[in-house]
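Following: one structure in structure tokens, then a few remarks.
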Amino acid sequence: KFPKRIICLVPSLTELLYDLNLEEEVLGITKFCEFPPHFRKTKVLVGGTKNIKLERIKELKPDLIICNKEENTEEIISDLIPIAPIYLCDVKNLKDNALVIGQIGKICGRNTEASNLIQKTNFELNDFQTFLKGQNQGHKVAYFIWYQPWMAAGSDTFIQSMLEINKFENIYSNKERYPTVEPKKIRLEGDPEVIFLS
């Protein structure tokens, strides 16, 4: 029996559910789920990724709630456990990404769609890596994800893995996860040639 009443608390996975042809099954999303755009008019908003509206989720009577370690807190997961089965993932690279696509496809009865999406992603990755072979590489970069306080992407993150694929050298790769940093010290900490703002 596949889930028919899904709540997704992860913006990127809301997009995945749409790509897997699960639009009808998705009932609730977060206020940060911006794609596909029409979901904001057709689905129930159940709060933010870290500040959910628990009663609204209960009212929807979900049979699957999709969460992510990066987006959702342990407290949120604990509050959701009595309501419905939870799918919890932790995506740090494209290998993890393919695993999640496959698992959600299997859970939701969309094996074919999931397999096609994984194949397409692998093809695009191979094509991109071929393109990169002829490009200048090794630019030093900083990738900021937050302001006040300033926070950057460090090691053990999906952003870091994507920077590596793009042959960028992250000046904060020696710091774990998402360190708080001081922009004033950016030249001392690595003097990046490019700064990304999330």
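Chain lettering (A, B, ...) mirrors the order of the structure tokens, residue numbering begins at 1 for each chain separately, and ligand numbering begins at 1 in order of display.
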List the neighbours of stretch 167-179 of chain A out to 10 Å using only C-alpha atoms; skip same-chain residues closer than 5 positions along the sequence, and give me the result as a ChimeraX atom specification. /A:129,132-133,135-146,149-162,186-187,189-195
So which residues of stretch 9-175 of chain A fall under strand (DSSP E or B) by DSSP, listed as a list in words? Val26, Leu27, Gly28, Ile29, Val44, Leu45, Gly47, Ile52, Leu64, Ile65, Ile66, Cys67, Asn68, Ile86, Tyr87, Leu88, Cys89, Lys140, Val141, Ala142, Tyr143, Phe144, Ile145, Trp146, Met151, Ala152, Ser155, Glu169 and Asn170 of chain A
Hey, can you spit out that residue selection with N, CA and C atoms as a short mmCIF file (atom, residue, chain, number, x, y, z; two decimals), in the first residue's frame?
data_model
loop_
_atom_site.label_atom_id
_atom_site.label_comp_id
_atom_site.auth_asym_id
_atom_site.auth_seq_id
_atom_site.Cartn_x
_atom_site.Cartn_y
_atom_site.Cartn_z
N VAL A 26 0.54 14.81 -2.52
CA VAL A 26 1.09 15.82 -1.62
C VAL A 26 -0.04 16.73 -1.13
N LEU A 27 -0.22 16.77 0.20
CA LEU A 27 -1.26 17.61 0.80
C LEU A 27 -0.68 18.85 1.46
N GLY A 28 0.46 18.71 2.15
CA GLY A 28 1.01 19.81 2.91
C GLY A 28 2.48 20.06 2.60
N ILE A 29 2.86 21.33 2.60
CA ILE A 29 4.25 21.72 2.34
C ILE A 29 4.62 22.88 3.28
N VAL A 44 -1.64 22.80 1.43
CA VAL A 44 -1.75 23.45 2.74
C VAL A 44 -0.36 23.78 3.26
N LEU A 45 -0.15 25.03 3.68
CA LEU A 45 1.13 25.42 4.26
C LEU A 45 1.13 25.04 5.74
N GLY A 47 3.66 25.61 8.03
CA GLY A 47 4.71 26.29 8.78
C GLY A 47 6.03 26.28 8.04
N ILE A 52 7.12 24.23 12.65
CA ILE A 52 5.94 23.64 12.02
C ILE A 52 4.67 23.95 12.82
N LEU A 64 2.30 9.71 5.40
CA LEU A 64 3.75 9.80 5.27
C LEU A 64 4.17 11.25 5.45
N ILE A 65 5.20 11.46 6.28
CA ILE A 65 5.78 12.79 6.46
C ILE A 65 7.26 12.70 6.07
N ILE A 66 7.66 13.56 5.14
CA ILE A 66 9.04 13.53 4.63
C ILE A 66 9.86 14.64 5.29
N CYS A 67 10.97 14.23 5.91
CA CYS A 67 11.83 15.16 6.65
C CYS A 67 13.29 14.97 6.25
N ASN A 68 14.11 15.91 6.73
CA ASN A 68 15.54 15.90 6.42
C ASN A 68 16.32 16.39 7.62
N ILE A 86 7.49 8.38 9.23
CA ILE A 86 8.38 9.45 8.79
C ILE A 86 9.49 8.89 7.91
N TYR A 87 9.74 9.56 6.81
CA TYR A 87 10.93 9.27 6.00
C TYR A 87 11.92 10.38 6.31
N LEU A 88 13.09 10.00 6.86
CA LEU A 88 14.11 10.97 7.26
C LEU A 88 15.38 10.69 6.48
N CYS A 89 15.90 11.72 5.81
CA CYS A 89 17.12 11.53 5.01
C CYS A 89 18.18 12.55 5.38
N LYS A 140 39.45 29.83 -5.81
CA LYS A 140 39.15 29.82 -4.39
C LYS A 140 37.84 30.56 -4.15
N VAL A 141 36.95 29.92 -3.37
CA VAL A 141 35.61 30.49 -3.18
C VAL A 141 35.18 30.42 -1.71
N ALA A 142 34.18 31.24 -1.39
CA ALA A 142 33.47 31.17 -0.11
C ALA A 142 31.98 31.13 -0.46
N TYR A 143 31.23 30.28 0.24
CA TYR A 143 29.80 30.14 -0.03
C TYR A 143 29.03 30.46 1.25
N PHE A 144 28.38 31.63 1.26
CA PHE A 144 27.63 32.05 2.45
C PHE A 144 26.18 31.60 2.37
N ILE A 145 25.67 31.07 3.48
CA ILE A 145 24.29 30.58 3.51
C ILE A 145 23.39 31.43 4.39
N TRP A 146 23.99 32.33 5.22
CA TRP A 146 23.18 33.08 6.18
C TRP A 146 23.85 34.41 6.50
N MET A 151 27.16 32.95 8.10
CA MET A 151 27.49 31.53 8.16
C MET A 151 27.86 31.05 6.77
N ALA A 152 28.86 30.18 6.71
CA ALA A 152 29.35 29.68 5.42
C ALA A 152 29.20 28.17 5.36
N SER A 155 32.87 21.78 5.48
CA SER A 155 32.99 20.38 5.06
C SER A 155 31.74 19.59 5.41
N GLU A 169 37.78 25.55 -4.91
CA GLU A 169 38.46 25.31 -3.63
C GLU A 169 37.78 26.17 -2.57
N ASN A 170 37.04 25.52 -1.67
CA ASN A 170 36.29 26.21 -0.62
C ASN A 170 37.25 26.62 0.50
#
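One distance worth recording is that between atom CA of A:Ile107 and atom CA of A:Pro82, which is 19.4 Å.
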Filtered DSSP result for stretch 3-194 of chain A, state helix (DSSP H, G or I), as a PyMOL selection string: chain A and resi 11-19+39-42+54-59+74-80+94-107+111-132+158-165+183-189
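With atom CA of A:Ala114 on one side and atom CA of A:Lys95 on the other, the separation reads 13.9 Å.
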Could you jot down the atom CA of A:Thr30 to atom CA of A:Asn51 separation for me, Å, one decimal place?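 That distance, rounded to one decimal, is 9.4 Å.
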